[in-house]
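Structure data follow from protein_4.cif (mmCIF, C-alpha atoms and all ligand atoms):
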```cif
data_entry
#
loop_
_atom_site.label_atom_id
_atom_site.label_comp_id
_atom_site.auth_asym_id
_atom_site.auth_seq_id
_atom_site.Cartn_x
_atom_site.Cartn_y
_atom_site.Cartn_z
CA MET C 26 -45.57 0.35 -95.32
CA LYS C 27 -48.80 -1.62 -95.54
CA LYS C 28 -50.15 -3.17 -92.37
CA LEU C 29 -48.59 -6.61 -91.89
CA ASP C 30 -50.17 -9.52 -90.09
CA PHE C 31 -46.80 -11.10 -89.35
CA ALA C 32 -45.35 -8.20 -87.43
CA ASN C 33 -44.27 -9.97 -84.24
CA ASP C 34 -41.17 -11.61 -85.72
CA LEU C 35 -40.02 -8.31 -87.11
CA ARG C 36 -40.38 -6.35 -83.88
CA GLU C 37 -37.17 -7.79 -82.45
CA CYS C 38 -35.72 -9.64 -85.38
CA THR C 39 -33.80 -12.85 -84.73
CA LEU C 40 -34.79 -14.69 -87.88
CA CYS C 41 -31.19 -15.40 -88.80
CA GLU C 42 -27.99 -15.95 -86.85
CA HIS C 43 -26.99 -12.31 -87.01
CA ARG C 44 -29.71 -11.96 -84.33
CA CYS C 45 -29.79 -8.18 -84.79
CA GLY C 46 -32.77 -7.69 -82.47
CA VAL C 47 -33.89 -4.61 -84.41
CA ASP C 48 -37.48 -3.41 -84.72
CA ARG C 49 -37.98 -3.69 -88.47
CA ILE C 50 -41.61 -2.54 -88.23
CA ALA C 51 -40.32 0.73 -86.81
CA GLY C 52 -37.88 0.99 -89.70
CA GLU C 53 -34.76 -0.12 -87.82
CA LEU C 54 -32.35 -1.99 -90.06
CA GLY C 55 -30.09 -4.92 -89.25
CA VAL C 56 -27.39 -6.56 -91.33
CA CYS C 57 -29.83 -7.42 -94.13
CA ARG C 58 -30.91 -3.74 -94.31
CA MET C 59 -34.49 -4.77 -95.02
CA ALA C 60 -37.54 -3.52 -93.13
CA GLY C 61 -40.55 -5.18 -94.78
CA PRO C 62 -40.72 -7.81 -97.52
CA VAL C 63 -40.00 -6.83 -101.11
CA VAL C 64 -40.57 -9.14 -104.08
CA ALA C 65 -37.87 -8.40 -106.65
CA SER C 66 -39.26 -10.53 -109.46
CA ARG C 67 -41.22 -13.70 -110.17
CA THR C 68 -41.21 -15.89 -113.20
CA LEU C 69 -41.60 -19.41 -114.52
CA HIS C 70 -38.08 -20.84 -114.32
CA PRO C 71 -36.74 -23.87 -116.19
CA ALA C 72 -33.75 -24.69 -113.94
CA PRO C 73 -34.37 -27.89 -111.97
CA PRO C 74 -36.59 -28.09 -110.08
CA GLU C 75 -38.79 -26.40 -112.73
CA SER C 76 -40.90 -23.88 -110.89
CA TYR C 77 -42.63 -20.58 -110.52
CA THR C 78 -39.74 -18.76 -108.85
CA ILE C 79 -40.22 -15.83 -106.51
CA PHE C 80 -37.07 -13.79 -105.88
CA VAL C 81 -37.29 -11.82 -102.65
CA ALA C 82 -35.00 -8.82 -102.21
CA GLY C 83 -32.24 -8.42 -99.64
CA CYS C 84 -29.78 -10.79 -98.00
CA ASN C 85 -28.02 -11.32 -94.69
CA PHE C 86 -24.75 -12.12 -96.54
CA LYS C 87 -22.52 -9.85 -98.60
CA CYS C 88 -20.92 -12.48 -100.80
CA ILE C 89 -18.22 -11.09 -103.03
CA GLY C 90 -19.14 -13.44 -105.89
CA CYS C 91 -22.93 -13.08 -105.71
CA GLN C 92 -24.64 -13.81 -109.02
CA ASN C 93 -27.86 -12.15 -107.90
CA TRP C 94 -26.25 -9.01 -106.47
CA THR C 95 -28.88 -6.67 -107.95
CA ILE C 96 -31.45 -8.46 -105.78
CA SER C 97 -29.39 -9.50 -102.77
CA GLN C 98 -27.73 -6.15 -102.11
CA PHE C 99 -30.95 -4.16 -102.36
CA PRO C 100 -31.72 -1.53 -101.11
CA ASP C 101 -28.21 -0.06 -100.94
CA ASN C 102 -27.33 -0.59 -104.60
CA ARG C 103 -30.53 1.20 -105.68
CA MET C 104 -31.21 -1.36 -108.40
CA ALA C 105 -34.81 -1.58 -109.59
CA VAL C 106 -37.13 -3.96 -107.74
CA GLU C 107 -40.87 -4.49 -107.85
CA GLY C 108 -41.88 -3.82 -104.25
CA TYR C 109 -44.34 -5.18 -101.71
CA VAL C 110 -46.83 -7.77 -102.94
CA GLU C 111 -49.63 -8.94 -100.67
CA PRO C 112 -48.76 -12.59 -99.85
CA ARG C 113 -52.25 -14.05 -100.27
CA SER C 114 -52.76 -12.53 -103.71
CA LEU C 115 -49.24 -13.67 -104.64
CA ALA C 116 -50.21 -17.22 -103.65
CA VAL C 117 -53.26 -17.10 -105.92
CA GLU C 118 -51.18 -15.73 -108.79
CA SER C 119 -48.43 -18.33 -108.29
CA ILE C 120 -50.80 -21.29 -108.41
CA ARG C 121 -52.43 -19.82 -111.49
CA MET C 122 -48.99 -19.62 -113.15
CA LEU C 123 -48.19 -23.26 -112.32
CA GLU C 124 -51.51 -24.23 -113.93
CA SER C 125 -51.00 -22.02 -117.01
CA THR C 126 -50.16 -23.53 -120.40
CA ALA C 127 -46.60 -22.21 -120.13
CA GLY C 128 -46.21 -23.69 -116.66
CA LEU C 129 -47.55 -27.08 -117.70
CA LEU C 130 -45.39 -27.16 -120.84
CA MET C 131 -42.31 -26.38 -118.75
CA GLY C 132 -43.22 -29.05 -116.21
CA ALA C 133 -43.14 -26.50 -113.40
CA ASP C 134 -44.37 -28.44 -110.37
CA ARG C 135 -43.59 -26.15 -107.44
CA ILE C 136 -43.10 -22.66 -106.08
CA PHE C 137 -39.42 -21.82 -105.59
CA PHE C 138 -38.44 -19.15 -103.07
CA SER C 139 -35.08 -17.60 -103.84
CA GLY C 140 -33.39 -14.25 -103.45
CA GLY C 141 -31.45 -12.77 -101.81
CA GLU C 142 -32.18 -14.90 -98.79
CA PRO C 143 -35.81 -15.92 -98.15
CA THR C 144 -35.25 -16.32 -94.41
CA ILE C 145 -35.13 -12.57 -93.83
CA HIS C 146 -38.76 -12.58 -95.05
CA LEU C 147 -39.83 -15.85 -93.42
CA PRO C 148 -43.09 -14.54 -91.88
CA PHE C 149 -44.15 -13.24 -95.30
CA ILE C 150 -43.43 -16.64 -96.86
CA GLU C 151 -45.39 -18.38 -94.12
CA SER C 152 -48.37 -16.14 -94.86
CA PHE C 153 -48.02 -17.01 -98.53
CA MET C 154 -47.87 -20.73 -97.71
CA ALA C 155 -50.94 -20.63 -95.47
CA GLU C 156 -53.03 -19.28 -98.33
CA ALA C 157 -51.38 -21.43 -101.02
CA ARG C 158 -51.94 -24.67 -99.07
CA ARG C 159 -55.51 -23.61 -98.30
CA ILE C 160 -56.10 -23.47 -102.07
CA ARG C 161 -53.97 -26.49 -102.96
CA PRO C 162 -53.02 -28.63 -99.92
CA ALA C 163 -50.46 -30.72 -101.83
CA LEU C 164 -48.69 -27.74 -103.38
CA LYS C 165 -44.92 -28.31 -103.60
CA VAL C 166 -42.49 -25.59 -102.59
CA ASN C 167 -38.70 -25.29 -102.70
CA TYR C 168 -36.75 -23.11 -100.28
CA ASP C 169 -33.41 -21.85 -101.60
CA THR C 170 -31.16 -20.79 -98.73
CA ASN C 171 -27.67 -19.83 -97.65
CA GLY C 172 -28.31 -21.82 -94.47
CA PHE C 173 -27.68 -18.96 -92.00
CA MET C 174 -31.07 -19.11 -90.28
CA THR C 175 -31.49 -19.82 -86.58
CA GLU C 176 -32.43 -23.36 -85.59
CA GLU C 177 -35.92 -22.08 -84.80
CA SER C 178 -36.26 -20.56 -88.29
CA LEU C 179 -35.00 -23.80 -89.84
CA ARG C 180 -37.59 -25.76 -87.88
CA ARG C 181 -40.28 -23.43 -89.26
CA VAL C 182 -39.01 -23.81 -92.82
CA LEU C 183 -38.97 -27.60 -92.55
CA THR C 184 -42.63 -27.62 -91.53
CA PHE C 185 -43.78 -26.27 -94.90
CA THR C 186 -41.10 -26.85 -97.50
CA THR C 187 -41.14 -29.83 -99.86
CA SER C 188 -37.52 -29.41 -100.95
CA LEU C 189 -34.46 -27.41 -99.98
CA THR C 190 -31.60 -26.17 -102.11
CA PHE C 191 -28.92 -25.41 -99.53
CA ASP C 192 -25.82 -23.35 -100.40
CA ILE C 193 -22.58 -23.96 -98.53
CA LYS C 194 -19.97 -21.34 -99.39
CA ALA C 195 -16.98 -22.69 -97.44
CA TYR C 196 -15.83 -25.04 -94.72
CA TYR C 197 -13.20 -22.98 -92.94
CA GLU C 198 -14.14 -19.99 -90.81
CA ASP C 199 -11.67 -17.61 -92.45
CA THR C 200 -12.78 -18.56 -95.98
CA MET C 201 -16.43 -18.19 -95.05
CA ARG C 202 -15.91 -14.77 -93.49
CA ALA C 203 -13.80 -13.57 -96.41
CA ILE C 204 -16.46 -14.62 -98.93
CA THR C 205 -19.67 -13.74 -97.04
CA GLY C 206 -18.92 -11.53 -94.02
CA ALA C 207 -20.54 -14.10 -91.69
CA PRO C 208 -19.37 -17.06 -89.56
CA VAL C 209 -19.50 -20.62 -90.86
CA GLN C 210 -20.65 -22.62 -87.82
CA PRO C 211 -24.42 -21.92 -88.12
CA VAL C 212 -24.40 -23.01 -91.76
CA LEU C 213 -22.57 -26.27 -91.05
CA ARG C 214 -24.85 -26.88 -88.06
CA ASN C 215 -27.97 -26.39 -90.18
CA ALA C 216 -26.57 -28.47 -93.03
CA GLU C 217 -26.10 -31.28 -90.54
CA ILE C 218 -29.60 -30.88 -89.07
CA VAL C 219 -31.11 -31.13 -92.56
CA GLY C 220 -28.89 -34.06 -93.56
CA ARG C 221 -29.69 -36.02 -90.40
CA THR C 222 -33.34 -35.15 -89.75
CA ALA C 223 -34.82 -34.26 -93.17
CA PRO C 224 -32.69 -35.85 -95.92
CA ASP C 225 -35.85 -36.53 -97.93
CA LYS C 226 -36.40 -32.75 -98.19
CA LEU C 227 -32.89 -32.03 -99.44
CA TRP C 228 -32.92 -31.37 -103.18
CA GLU C 229 -29.15 -30.80 -102.99
CA TYR C 230 -26.38 -28.99 -101.20
CA ARG C 231 -24.91 -26.46 -103.61
CA ILE C 232 -21.25 -25.52 -103.48
CA VAL C 233 -19.90 -22.80 -105.77
CA ALA C 234 -16.27 -23.65 -106.54
CA ILE C 235 -14.27 -20.42 -106.76
CA PRO C 236 -10.76 -20.95 -108.15
CA GLU C 237 -7.93 -20.00 -105.77
CA ILE C 238 -10.45 -18.91 -103.11
CA ASN C 239 -12.33 -21.87 -101.65
CA GLU C 240 -10.42 -24.72 -103.31
CA ASP C 241 -8.89 -25.79 -99.96
CA ASP C 242 -12.37 -26.04 -98.44
CA ILE C 243 -13.76 -28.58 -100.91
CA GLU C 244 -12.14 -31.72 -99.56
CA PRO C 245 -12.93 -31.16 -95.84
CA LEU C 246 -16.44 -30.05 -96.76
CA CYS C 247 -17.00 -33.28 -98.69
CA ARG C 248 -15.69 -35.32 -95.74
CA PHE C 249 -18.04 -33.39 -93.44
CA LEU C 250 -21.07 -34.10 -95.63
CA ALA C 251 -20.08 -37.75 -96.09
CA SER C 252 -19.86 -38.12 -92.30
CA ILE C 253 -23.56 -37.18 -92.15
CA SER C 254 -24.58 -39.55 -94.95
CA LYS C 255 -22.88 -40.71 -98.11
CA GLU C 256 -26.23 -40.61 -99.92
CA LEU C 257 -26.74 -36.84 -99.59
CA PRO C 258 -26.99 -35.06 -102.96
CA VAL C 259 -24.21 -32.55 -103.66
CA ALA C 260 -24.01 -30.24 -106.68
CA PHE C 261 -20.89 -28.23 -107.46
CA LEU C 262 -21.48 -25.06 -109.43
CA ALA C 263 -18.76 -23.43 -111.50
CA PHE C 264 -18.01 -19.88 -110.34
CA ARG C 265 -18.67 -17.22 -112.97
CA PRO C 266 -17.08 -13.76 -112.63
CA ASN C 267 -19.55 -11.52 -110.81
CA PHE C 268 -20.02 -8.62 -108.41
CA VAL C 269 -16.87 -7.85 -106.36
CA LEU C 270 -15.15 -10.77 -108.11
CA ASP C 271 -15.91 -9.28 -111.52
CA GLU C 272 -12.24 -9.38 -112.57
CA HIS C 273 -11.52 -12.85 -111.22
CA PHE C 274 -11.39 -15.82 -113.61
CA GLY C 275 -14.13 -18.43 -113.86
CA ALA C 276 -13.80 -21.99 -112.58
CA PRO C 277 -11.73 -24.16 -114.92
CA SER C 278 -13.19 -27.53 -115.92
CA GLU C 279 -10.20 -29.24 -114.21
CA LEU C 280 -11.29 -27.71 -110.89
CA MET C 281 -14.86 -28.95 -111.35
CA ASN C 282 -13.66 -32.46 -112.18
CA ARG C 283 -11.42 -32.38 -109.12
CA CYS C 284 -14.39 -31.36 -106.93
CA VAL C 285 -16.33 -34.40 -108.10
CA GLU C 286 -13.29 -36.66 -107.58
CA GLU C 287 -12.75 -35.35 -104.05
CA ALA C 288 -16.43 -35.85 -103.25
CA ASN C 289 -16.34 -39.41 -104.57
CA ALA C 290 -13.12 -40.09 -102.68
CA ALA C 291 -14.88 -38.93 -99.50
CA GLY C 292 -17.54 -41.54 -100.21
CA LEU C 293 -20.33 -39.29 -101.48
CA LYS C 294 -22.35 -41.18 -104.07
CA ASN C 295 -24.70 -38.57 -105.46
CA VAL C 296 -22.49 -35.82 -106.90
CA THR C 297 -22.84 -33.60 -109.97
CA TYR C 298 -21.33 -30.44 -111.37
CA ALA C 299 -22.90 -27.78 -113.53
CA GLY C 300 -22.23 -24.37 -114.99
CA MET C 301 -20.11 -22.70 -117.61
CA THR C 302 -16.38 -23.20 -117.07
CA ASN C 303 -13.18 -21.49 -118.20
CA ILE C 304 -14.50 -17.92 -118.34
CA PRO C 305 -11.39 -15.74 -118.67
CA GLY C 306 -10.29 -13.26 -116.07
CA LYS C 307 -7.30 -12.57 -113.86
CA THR C 308 -6.11 -13.29 -110.36
CA GLY C 309 -5.98 -10.49 -107.82
CA SER C 310 -3.13 -10.10 -105.37
CA SER C 311 -3.21 -10.42 -101.61
CA LEU C 312 -3.01 -7.14 -99.72
CA GLU C 313 -0.79 -6.67 -96.70
CA GLU C 314 -3.59 -4.96 -94.73
CA VAL C 315 -5.60 -8.18 -94.49
CA GLU C 316 -2.77 -10.69 -94.18
CA GLU C 317 -2.87 -11.24 -90.42
CA ALA C 318 -6.64 -11.63 -90.25
CA TYR C 319 -6.80 -14.78 -92.39
CA GLN C 320 -5.08 -18.15 -92.25
CA ARG C 321 -5.26 -19.39 -95.83
CA SER C 322 -4.10 -17.97 -99.15
CA GLY C 323 -7.64 -18.32 -100.55
CA SER C 324 -9.28 -16.37 -97.75
CA ARG C 325 -6.56 -13.71 -97.96
CA LEU C 326 -7.21 -13.32 -101.66
CA ALA C 327 -10.99 -13.13 -101.16
CA ALA C 328 -10.60 -10.59 -98.36
CA SER C 329 -8.24 -8.56 -100.52
CA TYR C 330 -10.88 -8.26 -103.21
CA ALA C 331 -13.34 -7.05 -100.54
CA ARG C 332 -10.72 -4.64 -99.12
CA SER C 333 -9.99 -3.22 -102.56
CA LYS C 334 -13.69 -2.35 -102.90
CA GLY C 335 -13.82 -0.66 -99.49
CA CYS C 336 -14.45 -3.31 -96.81
CA THR C 337 -12.23 -2.30 -93.89
CA THR C 338 -13.36 -4.78 -91.20
CA HIS C 339 -11.15 -7.89 -91.17
CA PRO C 340 -11.81 -10.66 -90.58
CA ARG C 341 -15.04 -9.60 -92.28
CA ASP C 342 -17.77 -9.46 -89.66
CA CYS C 343 -20.88 -7.76 -91.03
CA GLY C 344 -22.85 -8.40 -87.83
CA ASN C 345 -20.47 -6.23 -85.78
CA CYS C 346 -19.21 -3.80 -88.36
CA GLN C 347 -19.31 -0.04 -87.84
CA SER C 348 -19.91 0.39 -91.57
CA MET C 349 -23.03 -1.82 -91.55
CA SER C 350 -25.32 1.05 -92.48
CA ASN C 351 -22.94 2.44 -95.04
CA CYS C 352 -21.34 -0.68 -96.49
CA PRO C 353 -19.26 -0.09 -99.62
CA ILE C 354 -19.66 -3.71 -100.70
CA LYS C 355 -23.46 -3.42 -100.80
CA ARG C 356 -23.15 -0.39 -103.05
CA TYR C 357 -20.57 -1.85 -105.43
CA ILE C 358 -21.60 -1.97 -109.10
CA PRO C 359 -19.54 -4.53 -111.08
CA PHE C 360 -18.25 -3.89 -114.57
CA ARG C 361 -19.27 -7.39 -115.68
CA ASN C 362 -21.74 -10.04 -114.58
CA CYS C 363 -21.08 -13.30 -116.40
S1 LIG C 401 -29.89 -9.83 -90.71
FE1 LIG C 401 -31.17 -11.49 -89.88
S2 LIG C 401 -31.52 -11.03 -87.70
FE2 LIG C 401 -30.71 -9.17 -88.71
S3 LIG C 401 -32.55 -7.97 -89.23
FE3 LIG C 401 -32.02 -9.22 -91.04
S4 LIG C 401 -33.17 -11.14 -90.82
FE4 LIG C 401 -33.21 -10.10 -88.82
S1 LIG C 402 -17.68 -3.09 -94.70
FE1 LIG C 402 -18.50 -4.16 -92.87
S2 LIG C 402 -20.67 -4.55 -93.39
FE2 LIG C 402 -19.57 -4.13 -95.33
S3 LIG C 402 -18.91 -6.13 -96.11
FE3 LIG C 402 -17.20 -5.30 -94.91
S4 LIG C 402 -17.53 -6.20 -92.86
FE4 LIG C 402 -19.46 -6.41 -93.95
#
```
Spell out the structure here as structure tokens.
Ligand code: SF4
Ligand code: SF4
Amino acid sequence: MKKLDFANDLRECTLCEHRCGVDRIAGELGVCRMAGPVVASRTLHPAPPESYTIFVAGCNFKCIGCQNWTISQFPDNRMAVEGYVEPRSLAVESIRMLESTAGLLMGADRIFFSGGEPTIHLPFIESFMAEARRIRPALKVNYDTNGFMTEESLRRVLTFTTSLTFDIKAYYEDTMRAITGAPVQPVLRNAEIVGRTAPDKLWEYRIVAIPEINEDDIEPLCRFLASISKELPVAFLAFRPNFVLDEHFGAPSELMNRCVEEANAAGLKNVTYAGMTNIPGKTGSSLEEVEEAYQRSGSRLAASYARSKGCTTHPRDCGNCQSMSNCPIKRYIPFRNC
């Protein structure tokens, strides 16, 4: 690997709440399975906020419905990625792309870090930002996150980011573990910190509605967000069959309308939904092996999908799993990606 000037954080990595403590510079791997930073792709992107989007590879979650699984589950799935890009030259290139004719025509007004999960490469992004803001002090940047960073990492992100797109996968612990392999409390804690201390930076909370899996979580999650502030922006996204949930059916339009109704009933005033609905598929069945580890039918179903693809630790707990270095979920190749 090239010499990095942001090595300290990676020597005993606690960038996210898995707090693996591994020496990534020495090649030790934690839950995210990433040593140094890898840029998977970068492109002008028209989805709001219009941007030059940089997708970094790897993730600290193993979400069964991940739409970006080729990027997030790198390196175990052996899908093609670009590799290391020096952060200062990437900053120069990114600003040039925002100022290009294509960037101006699109209305791209910021850099957008996505993945995978940017937090696992936070020192790299900070190096990028130092150079980018040296060139253009008012440069806007969006940070797209699953919210599982430590409070210290969140504080660092809030010092440089202009906007945050913040995914919340579930409200209940068992649903969260079944979907992601990680606990829910850090995400709810960070969502609250952002909502209370930096609401002006919140582009939106994003909640993917997965039929029959996290439907029970929607209403309590809306009440939780409304208890922080009824003005907070919330976007529901319709689940599309993907990754381990490749056979599952997409979110029906009735479910998306119900999400908005439940959010409004909780008092939230700034609610939208987006995404293609009614993609056909089927419903899996709950497996006896996982039954006792989960409290809700949705989490049991989600965990059963993971179990059927090889995940044997239940409740799912990627941070303490003996299969961490040989995870069958990270290597799963779906038959469709809608
Ligand atoms: S999962 Fe989180 S704490 Fe563990 S090595 Fe990756 S970034 Fe560091
Ligand atoms: S096998 Fe272990 S590391 Fe892989 S998804 Fe399941 S709990 Fe997580």
Contacts of segment 31-37 of chain C within 9 Å, all atoms listed in the file, excl. fewer than 2 positions in-chain, as a ChimeraX atom specification: /C:28-29,39-40,44-51,60-61,147-149,151-152
Counting all atoms listed in the file, which protein, DNA or RNA residues come within 10 Å of ligand LIG 402 (chain C), given as a PyMOL selection string? chain C and resi 56-57+85-89+202-207+328+331-332+334-356
Choose the residue, out of C:Glu256, C:Glu118, C:Glu286, C:Glu313, that has the smallest atom-to-atom separation from Ala157 of chain C; count all atoms listed in the file. C:Glu118
Could you tell me how far atom CA of Leu189 of chain C sits from atom CA of Pro258 of chain C, in Å to one decimal place?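 Atom CA of Leu189 of chain C lies 11.1 Å from atom CA of Pro258 of chain C.
With distances restricted to only C-alpha atoms and all ligand atoms, C:His146 is the closest residue to ligand LIG 401 (chain C) from C:Arg161, C:Arg113, C:Arg221, C:His146.
One distance worth recording is that between atom CA of Glu142 of chain C and atom CA of Val166 of chain C, which is 15.3 Å.
One finds atom CA of Tyr357 of chain C at 22.1 Å from atom CA of His43 of chain C.
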Do you know which residues are at most 10 Å from Ile96 of chain C counting all atoms listed in the file, after dropping those on the same chain fewer than 5 positions away, and could you put them as a PyMOL selection string? chain C and resi 63-66+80-84+91+102-106+140-142
Find, counting only C-alpha atoms, the residue in C:Leu227, C:Ile145, C:Ile232, C:Ala155 that gets nearest to Gly55 of chain C.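 Checking each of C:Leu227, C:Ile145, C:Ile232, C:Ala155 against Gly55 of chain C, counting only C-alpha atoms, the winner is C:Ile145.
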Please determine, counting all atoms listed in the file, which residue among C:Tyr196, C:Ile150, C:Val117, C:Ser278 has the shortest atom-to-atom distance to Phe249 of chain C. C:Tyr196
